[in-house]
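Next comes target_13.csv, a file with CSV, C-alpha atoms.
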```
chain,number,residue,atom,x,y,z
A,1,MET,CA,0.9,-29.2,-29.3
A,2,ALA,CA,-2.2,-30.4,-27.4
A,3,TYR,CA,-3.1,-28.8,-24.1
A,4,SER,CA,-4.9,-30.8,-21.4
A,5,THR,CA,-8.2,-29.6,-20.0
A,6,ARG,CA,-7.9,-31.6,-16.9
A,7,LYS,CA,-8.1,-29.6,-13.7
A,8,GLY,CA,-5.0,-31.3,-12.4
A,9,ASN,CA,-3.0,-29.3,-15.0
A,10,ASP,CA,-4.9,-26.0,-14.4
A,11,HIS,CA,-3.7,-23.2,-12.0
A,12,ILE,CA,-5.0,-19.9,-10.8
A,13,LEU,CA,-2.8,-16.9,-10.4
A,14,THR,CA,-4.1,-13.9,-8.5
A,15,LEU,CA,-2.2,-10.7,-7.8
A,16,SER,CA,-2.4,-7.1,-6.7
A,17,CYS,CA,0.2,-4.4,-6.9
A,18,PRO,CA,0.7,-0.7,-7.5
A,19,ASP,CA,-0.6,0.2,-10.9
A,20,ARG,CA,2.1,0.7,-13.6
A,21,PRO,CA,2.5,0.0,-17.3
A,22,GLY,CA,3.6,-3.5,-18.4
A,23,ILE,CA,2.0,-5.7,-15.7
A,24,VAL,CA,-0.2,-7.7,-18.0
A,25,HIS,CA,2.7,-8.0,-20.5
A,26,ALA,CA,5.0,-9.3,-17.8
A,27,VAL,CA,2.6,-11.8,-16.4
A,28,THR,CA,1.4,-13.2,-19.8
A,29,GLY,CA,4.9,-13.2,-21.2
A,30,LEU,CA,6.2,-15.3,-18.3
A,31,LEU,CA,3.4,-17.8,-18.8
A,32,ALA,CA,4.0,-18.0,-22.5
A,33,LYS,CA,7.7,-18.5,-21.9
A,34,ASN,CA,6.9,-21.5,-19.8
A,35,ASP,CA,4.5,-22.9,-22.4
A,36,MET,CA,1.3,-22.1,-20.5
A,37,ASN,CA,-2.0,-21.5,-22.1
A,38,ILE,CA,-4.2,-18.8,-20.7
A,39,LEU,CA,-7.8,-20.0,-20.4
A,40,ASP,CA,-9.3,-17.0,-18.7
A,41,SER,CA,-8.0,-13.6,-17.6
A,42,GLN,CA,-9.6,-10.7,-15.7
A,43,GLN,CA,-8.0,-7.5,-14.5
A,44,PHE,CA,-9.1,-4.3,-12.8
A,45,SER,CA,-7.2,-1.0,-12.2
A,46,ASP,CA,-8.6,0.9,-9.2
A,47,PRO,CA,-8.2,4.7,-9.8
A,48,THR,CA,-8.7,5.4,-6.1
A,49,SER,CA,-6.2,3.1,-4.5
A,50,GLU,CA,-4.0,3.2,-7.7
A,51,ARG,CA,-3.6,-0.6,-7.4
A,52,PHE,CA,-3.9,-3.2,-10.2
A,53,PHE,CA,-5.7,-6.5,-9.6
A,54,MET,CA,-5.5,-9.6,-11.8
A,55,ARG,CA,-6.8,-13.2,-11.9
A,56,VAL,CA,-5.5,-15.7,-14.5
A,57,HIS,CA,-6.7,-19.2,-15.1
A,58,PHE,CA,-4.1,-21.1,-17.1
A,59,GLY,CA,-3.1,-24.6,-18.0
A,60,GLY,CA,-0.3,-26.5,-19.7
A,61,ASN,CA,0.4,-29.6,-21.6
A,62,ASP,CA,1.2,-32.9,-19.7
A,63,ALA,CA,4.9,-32.0,-19.6
A,64,ALA,CA,4.1,-28.7,-17.8
A,65,ALA,CA,1.8,-30.2,-15.2
A,66,SER,CA,4.0,-29.1,-12.3
A,67,ALA,CA,3.3,-25.4,-12.9
A,68,SER,CA,3.2,-24.4,-9.2
A,69,LYS,CA,6.8,-25.7,-8.7
A,70,ASP,CA,8.2,-24.5,-12.0
A,71,LEU,CA,6.6,-21.1,-12.0
A,72,GLN,CA,6.8,-20.1,-8.3
A,73,ALA,CA,10.4,-18.9,-8.4
A,74,PRO,CA,10.1,-16.7,-11.5
A,75,PHE,CA,6.8,-15.3,-10.2
A,76,ASP,CA,8.3,-14.6,-6.8
A,77,GLU,CA,11.0,-12.6,-8.7
A,78,LEU,CA,8.4,-10.7,-10.6
A,79,ALA,CA,6.5,-10.0,-7.4
A,80,GLN,CA,9.5,-8.6,-5.7
A,81,GLU,CA,10.2,-6.4,-8.8
A,82,MET,CA,6.7,-5.0,-9.0
A,83,LYS,CA,5.8,-5.1,-5.3
A,84,MET,CA,3.1,-7.7,-5.9
A,85,ASP,CA,0.9,-9.6,-3.4
A,86,LEU,CA,0.7,-12.8,-5.4
A,87,ASP,CA,-0.8,-16.3,-5.0
A,88,LEU,CA,-0.4,-19.3,-7.3
A,89,ARG,CA,-2.3,-22.5,-6.7
A,90,PRO,CA,-3.6,-25.5,-8.6
A,91,VAL,CA,-7.3,-25.4,-9.4
A,92,ALA,CA,-7.7,-28.9,-7.9
A,93,GLN,CA,-6.4,-27.6,-4.5
A,94,LYS,CA,-9.5,-27.0,-2.4
A,95,PRO,CA,-9.3,-24.7,0.5
A,96,ARG,CA,-9.7,-26.3,3.9
A,97,VAL,CA,-12.6,-24.6,5.7
A,98,LEU,CA,-13.5,-24.6,9.4
A,99,ILE,CA,-17.2,-23.8,9.8
A,100,MET,CA,-18.4,-22.2,13.1
A,101,VAL,CA,-22.0,-22.1,14.1
A,102,SER,CA,-24.1,-21.4,17.2
A,103,LYS,CA,-27.8,-22.4,17.4
A,104,ILE,CA,-29.2,-21.3,14.0
A,105,GLY,CA,-28.3,-23.9,11.4
A,106,HIS,CA,-29.7,-23.0,8.0
A,107,CYS,CA,-26.3,-21.7,6.7
A,108,LEU,CA,-24.4,-24.6,8.1
A,109,ASN,CA,-26.9,-27.1,6.6
A,110,ASP,CA,-26.7,-25.4,3.2
A,111,LEU,CA,-22.9,-25.3,3.1
A,112,LEU,CA,-22.6,-28.9,4.0
A,113,PHE,CA,-25.1,-30.0,1.4
A,114,ARG,CA,-23.4,-27.9,-1.3
A,115,GLN,CA,-20.0,-29.3,-0.4
A,116,SER,CA,-21.2,-32.9,-0.3
A,117,THR,CA,-22.8,-32.5,-3.8
A,118,SER,CA,-19.6,-30.8,-5.3
A,119,GLN,CA,-21.3,-27.4,-5.7
A,120,LEU,CA,-18.7,-25.9,-3.3
A,121,PRO,CA,-15.0,-26.7,-4.1
A,122,ILE,CA,-14.0,-26.9,-0.4
A,123,GLU,CA,-13.0,-29.4,2.2
A,124,VAL,CA,-14.6,-29.3,5.6
A,125,PRO,CA,-12.3,-31.1,8.1
A,126,LEU,CA,-14.2,-30.0,11.2
A,127,ILE,CA,-17.1,-27.9,12.6
A,128,VAL,CA,-16.8,-25.8,15.8
A,129,SER,CA,-19.7,-24.6,17.9
A,130,ASN,CA,-20.3,-23.0,21.3
A,131,HIS,CA,-23.4,-25.2,21.6
A,132,PRO,CA,-23.9,-28.9,21.0
A,133,ASP,CA,-27.1,-28.7,18.9
A,134,PHE,CA,-25.6,-29.5,15.5
A,135,LYS,CA,-23.4,-32.4,16.4
A,136,PRO,CA,-25.9,-34.9,14.9
A,137,LEU,CA,-25.9,-32.9,11.6
A,138,ALA,CA,-22.1,-32.9,11.6
A,139,GLU,CA,-22.1,-36.7,12.2
A,140,SER,CA,-24.5,-37.3,9.4
A,141,TYR,CA,-21.8,-35.8,7.1
A,142,LYS,CA,-19.1,-37.7,8.9
A,143,ILE,CA,-17.4,-34.4,9.9
A,144,PRO,CA,-15.8,-34.1,13.4
A,145,PHE,CA,-17.7,-31.7,15.6
A,146,TYR,CA,-16.0,-29.7,18.4
A,147,HIS,CA,-18.2,-28.3,21.1
A,148,LEU,CA,-16.3,-25.4,22.6
A,149,PRO,CA,-18.5,-23.5,25.1
A,150,VAL,CA,-17.6,-19.9,25.7
A,151,ASN,CA,-18.4,-17.0,28.0
A,152,LYS,CA,-16.8,-13.6,28.7
A,153,ASP,CA,-14.3,-15.2,31.1
A,154,THR,CA,-13.2,-18.0,28.8
A,155,LYS,CA,-13.3,-16.3,25.4
A,156,LEU,CA,-9.5,-16.0,25.1
A,157,GLU,CA,-9.0,-19.7,26.1
A,158,GLN,CA,-11.7,-20.8,23.7
A,159,GLU,CA,-10.2,-18.9,20.9
A,160,LYS,CA,-6.8,-20.3,21.6
A,161,GLN,CA,-8.4,-23.8,21.2
A,162,ILE,CA,-9.8,-22.6,17.8
A,163,LEU,CA,-6.4,-21.4,16.6
A,164,ASP,CA,-4.8,-24.7,17.7
A,165,LEU,CA,-7.4,-26.5,15.6
A,166,VAL,CA,-6.7,-24.2,12.7
A,167,LYS,CA,-3.0,-25.1,12.9
A,168,GLU,CA,-3.7,-28.8,13.5
A,169,HIS,CA,-6.0,-29.1,10.5
A,170,ASN,CA,-4.1,-26.7,8.1
A,171,ILE,CA,-7.2,-24.5,7.8
A,172,ASP,CA,-7.2,-21.9,5.0
A,173,LEU,CA,-10.5,-20.2,5.9
A,174,ILE,CA,-12.9,-19.9,8.8
A,175,VAL,CA,-16.6,-19.4,7.9
A,176,LEU,CA,-19.0,-18.0,10.5
A,177,ALA,CA,-22.3,-19.6,9.6
A,178,ARG,CA,-24.4,-17.7,12.1
A,179,TYR,CA,-21.8,-18.0,14.9
A,180,MET,CA,-23.2,-15.6,17.4
A,181,GLN,CA,-20.1,-14.6,19.2
A,182,VAL,CA,-17.9,-11.5,18.6
A,183,LEU,CA,-14.4,-12.5,17.8
A,184,THR,CA,-11.5,-10.8,19.7
A,185,PRO,CA,-9.0,-8.6,17.9
A,186,GLY,CA,-6.4,-11.3,18.5
A,187,LEU,CA,-8.2,-13.9,16.5
A,188,CYS,CA,-9.2,-11.4,13.8
A,189,ALA,CA,-5.5,-10.5,13.4
A,190,ALA,CA,-4.3,-14.1,13.4
A,191,MET,CA,-6.7,-15.0,10.6
A,192,SER,CA,-6.8,-11.6,8.8
A,193,GLY,CA,-8.4,-11.9,5.4
A,194,LYS,CA,-9.3,-15.6,6.2
A,195,ILE,CA,-12.6,-15.3,8.1
A,196,ILE,CA,-15.9,-14.8,6.3
A,197,ASN,CA,-19.1,-13.9,8.2
A,198,ILE,CA,-22.7,-13.8,7.1
A,199,HIS,CA,-24.5,-10.7,8.6
A,200,HIS,CA,-28.2,-11.2,8.9
A,201,SER,CA,-29.2,-7.9,7.4
A,202,PHE,CA,-28.3,-5.7,4.5
A,203,LEU,CA,-25.5,-3.7,6.0
A,204,PRO,CA,-25.4,-1.1,7.4
A,205,SER,CA,-29.1,-1.1,8.3
A,206,PHE,CA,-30.6,-2.8,11.3
A,207,LYS,CA,-27.5,-3.8,13.2
A,208,GLY,CA,-27.7,-5.9,16.3
A,209,ALA,CA,-30.2,-8.4,17.5
A,210,LYS,CA,-33.5,-9.3,15.7
A,211,PRO,CA,-32.9,-7.4,12.5
A,212,TYR,CA,-35.9,-8.8,10.8
A,213,HIS,CA,-38.1,-7.7,13.7
A,214,GLN,CA,-36.6,-4.3,13.4
A,215,ALA,CA,-37.4,-4.4,9.7
A,216,TYR,CA,-40.9,-5.5,10.4
A,217,GLU,CA,-41.5,-2.6,12.8
A,218,ARG,CA,-40.2,-0.1,10.1
A,219,GLY,CA,-42.3,-1.6,7.3
A,220,VAL,CA,-39.4,-2.3,5.0
A,221,LYS,CA,-40.0,-3.5,1.4
A,222,ILE,CA,-36.6,-5.1,0.9
A,223,ILE,CA,-34.6,-7.3,3.2
A,224,GLY,CA,-31.1,-8.7,2.6
A,225,ALA,CA,-27.9,-10.3,3.8
A,226,THR,CA,-24.2,-9.4,3.6
A,227,ALA,CA,-21.2,-11.7,3.5
A,228,HIS,CA,-18.0,-10.0,4.5
A,229,PHE,CA,-14.5,-10.5,5.8
A,230,VAL,CA,-14.2,-10.2,9.6
A,231,THR,CA,-12.1,-7.5,11.1
A,232,ALA,CA,-11.8,-6.2,14.7
A,233,ASP,CA,-14.4,-3.5,13.8
A,234,LEU,CA,-17.7,-5.3,14.3
A,235,ASP,CA,-19.7,-5.8,11.0
A,236,GLU,CA,-17.5,-3.4,9.1
A,237,GLY,CA,-15.1,-5.7,7.3
A,238,PRO,CA,-14.7,-5.7,3.5
A,239,ILE,CA,-18.0,-6.8,1.8
A,240,ILE,CA,-17.8,-9.8,-0.6
A,241,GLU,CA,-21.5,-10.2,-1.6
A,242,GLN,CA,-24.9,-8.7,-0.8
A,243,ARG,CA,-28.4,-9.8,-2.0
A,244,VAL,CA,-31.9,-8.7,-1.3
A,245,ALA,CA,-35.5,-10.1,-1.4
A,246,ARG,CA,-38.7,-8.1,-1.7
A,247,VAL,CA,-41.2,-8.3,1.1
A,248,ASP,CA,-44.5,-6.6,1.7
A,249,HIS,CA,-46.9,-5.4,4.5
A,250,GLY,CA,-48.6,-8.7,4.7
A,251,MET,CA,-45.6,-10.7,5.9
A,252,SER,CA,-45.1,-11.5,9.6
A,253,PRO,CA,-41.8,-11.4,11.4
A,254,LYS,CA,-41.6,-15.2,11.1
A,255,GLU,CA,-42.1,-15.0,7.4
A,256,LEU,CA,-39.4,-12.3,7.2
A,257,VAL,CA,-37.0,-14.6,9.1
A,258,GLU,CA,-37.8,-17.4,6.7
A,259,GLU,CA,-37.2,-15.3,3.6
A,260,GLY,CA,-34.1,-13.8,5.2
A,261,SER,CA,-32.7,-17.3,6.0
A,262,ASN,CA,-32.9,-18.2,2.3
A,263,VAL,CA,-31.0,-15.0,1.3
A,264,GLU,CA,-28.4,-15.6,4.0
A,265,SER,CA,-27.7,-19.1,2.8
A,266,GLN,CA,-27.4,-18.0,-0.8
A,267,VAL,CA,-25.1,-15.1,0.0
A,268,LEU,CA,-22.8,-17.0,2.2
A,269,ALA,CA,-22.5,-19.9,-0.2
A,270,ALA,CA,-21.7,-17.5,-3.0
A,271,ALA,CA,-19.0,-15.8,-1.0
A,272,VAL,CA,-17.4,-19.0,0.0
A,273,LYS,CA,-17.5,-20.4,-3.5
A,274,TRP,CA,-15.9,-17.2,-5.0
A,275,TYR,CA,-13.2,-17.3,-2.3
A,276,ALA,CA,-12.5,-21.0,-3.1
A,277,GLU,CA,-12.2,-20.2,-6.8
A,278,ARG,CA,-9.7,-17.4,-6.0
A,279,LYS,CA,-12.1,-14.7,-7.3
A,280,VAL,CA,-11.9,-12.4,-4.2
A,281,ILE,CA,-9.0,-10.1,-3.6
A,282,LEU,CA,-8.8,-7.6,-0.8
A,283,ASN,CA,-8.6,-3.9,-1.7
A,284,GLY,CA,-8.1,-2.0,1.5
A,285,THR,CA,-11.6,-1.7,3.1
A,286,LYS,CA,-13.2,-3.1,0.0
A,287,THR,CA,-12.9,-6.2,-2.2
A,288,VAL,CA,-12.4,-6.9,-5.9
A,289,VAL,CA,-14.6,-9.8,-6.9
A,290,PHE,CA,-14.0,-11.3,-10.4
A,291,ASN,CA,-17.1,-13.0,-11.8
```

Could you quickly redo this structure as structure tokens?
Amino acid sequence: MAYSTRKGNDHILTLSCPDRPGIVHAVTGLLAKNDMNILDSQQFSDPTSERFFMRVHFGGNDAAASASKDLQAPFDELAQEMKMDLDLRPVAQKPRVLIMVSKIGHCLNDLLFRQSTSQLPIEVPLIVSNHPDFKPLAESYKIPFYHLPVNKDTKLEQEKQILDLVKEHNIDLIVLARYMQVLTPGLCAAMSGKIINIHHSFLPSFKGAKPYHQAYERGVKIIGATAHFVTADLDEGPIIEQRVARVDHGMSPKELVEEGSNVESQVLAAAVKWYAERKVILNGTKTVVFN
């Protein structure tokens, strides 16, 4: 029996649950029973949280192309039995991403280029900013741009507009591409596990404004960036990816900013890509990232 390699027939299953014997057997047995072919499987058992994490990429023959519909019910039953948090989606189903930005645009520009050249498997239905600066960039990619100004007195009203847009456009993920506003606990809770931020330093060092200038004053030899999920605790959400770049005493603050911008773009793009590929699973205050 021939199996199709078309992405239209491929699905990704991700799950986490309390660790116990027989999880892999139950999952793979259910797939085999439904004539599914496992193309890739990764799992991790966390001895600290005592939870088990698994990601399975599988496909079927042409007759089994409707895997999401046919398998959802039996997997829901298995999830209830084993107390699983489980997600089953076609590989071809791209997450719908709302990108938010302020007045620094390198991450936005990088994400849009990668998406337009099929390096990022996402859809970008809209861009939101508290400044109008990047409307021309959004228009060049034919993406609707929403200018939503905000101050301390209008933050709740502005965030309600954001949540209305999330609902209207069926948004799966919000990406803060150097959006320089602190989100309220209400928005963080409404989109829990669905907001990714790029922090312009290697957490936890040099928090706050002008981190590269702080790094310059301290004579650091490594700078970096951190992509993490957003929580109500500022810059303390579960980390998805971190990368660093070596610098030296001869570099000016401007050169540190330029080098840092490159790292930020790379780290954020990696985090968004892995999220889109269902490779990131929350594990309390941490993440499990299958690569």

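With all atoms listed in the file as the atoms that count, the minimum distance from Gln158 of chain A to the choices A:Asn170, A:Thr285, A:Asn130, A:Ser45 is reached by A:Asn130.
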
(request) Identify which of the residues A:Ile171, A:Leu120, A:Ala270, A:Met84 lies closest to Ala225 of chain A, counting only C-alpha atoms when measuring atom-to-atom distances. (result)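 Nearest candidate to Ala225 of chain A out of A:Ile171, A:Leu120, A:Ala270, A:Met84: A:Ala270.
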
May I have the residues at most 6 Å from (-15.6, -33.5, 5.8) in the file's coordinates, counting only C-alpha atoms, as a PDB file with C-alpha atoms, keeping the file's coordinate frame?
```pdb
ATOM      1  CA  VAL A 124     -14.600 -29.300   5.600  1.00  0.00           C
ATOM      2  CA  PRO A 125     -12.300 -31.100   8.100  1.00  0.00           C
ATOM      3  CA  ILE A 143     -17.400 -34.400   9.900  1.00  0.00           C
TER       4      ILE A 143
END
```

Which neighbours of His57 of chain A fall inside 6 Å, counting only C-alpha atoms, when residues of the same chain fewer than 2 positions from it are skipped, and could you give them as a short mmCIF file (atom, residue, chain, number, x, y, z; two decimals) with C-alpha atoms, in the coordinates of the input?
```cif
data_model
loop_
_atom_site.label_atom_id
_atom_site.label_comp_id
_atom_site.auth_asym_id
_atom_site.auth_seq_id
_atom_site.Cartn_x
_atom_site.Cartn_y
_atom_site.Cartn_z
CA HIS A 11 -3.70 -23.20 -12.00
CA ILE A 12 -5.00 -19.90 -10.80
CA LEU A 39 -7.80 -20.00 -20.40
CA ASP A 40 -9.30 -17.00 -18.70
#
```

(message) Excluding Ile196 of chain A and its own-chain neighbours fewer than 3 positions away, which residues fall within 10 Å of it when counting all atoms listed in the file? Please give them as number ranges by chain.
(response) A: 99, 173-177, 192-193, 199, 227-231, 237-240, 268, 271-272, 275

(message) Please list as a ChimeraX atom specification every residue within 10 Å of Gln43 of chain A, counting only C-alpha atoms and excluding residues in the same chain fewer than 5 positions away.
(response) /A:14-16,24,52-56,288,290

(request) Give me, please, the distance in Å between atom CA of Thr184 of chain A and atom CA of Glu159 of chain A, quoted to one decimal. (result)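 Going from atom CA of Thr184 of chain A over to atom CA of Glu159 of chain A covers 8.3 Å.
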
(message) My list of candidates is A:Glu241, A:Asp172, A:Glu217, A:Asp46. Which is closest to Glu123 of chain A when distances are computed with all atoms listed in the file?
(response)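 Using all atoms listed in the file, Glu123 of chain A sits closest to A:Asp172.
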
(request) Would you kindly return, as a ChimeraX atom specification, each protein, DNA or RNA residue with an atom no farther than 12 Å from any atom of Gly224 of chain A, considering only C-alpha atoms and excluding same-chain residues fewer than 3 positions away? (result) /A:198-206,211-212,215,220-221,227,241-247,256-268

(message) Could you tell me how far atom CA of Asn197 of chain A sits from atom CA of Glu50 of chain A, in Å to one decimal place?
(response) 27.8 Å

(message) Using all atoms listed in the file, can you tell me which of A:Lys286, A:Gln80, A:Lys194, A:Phe134 comes closest to Cys107 of chain A?
(response) A:Phe134
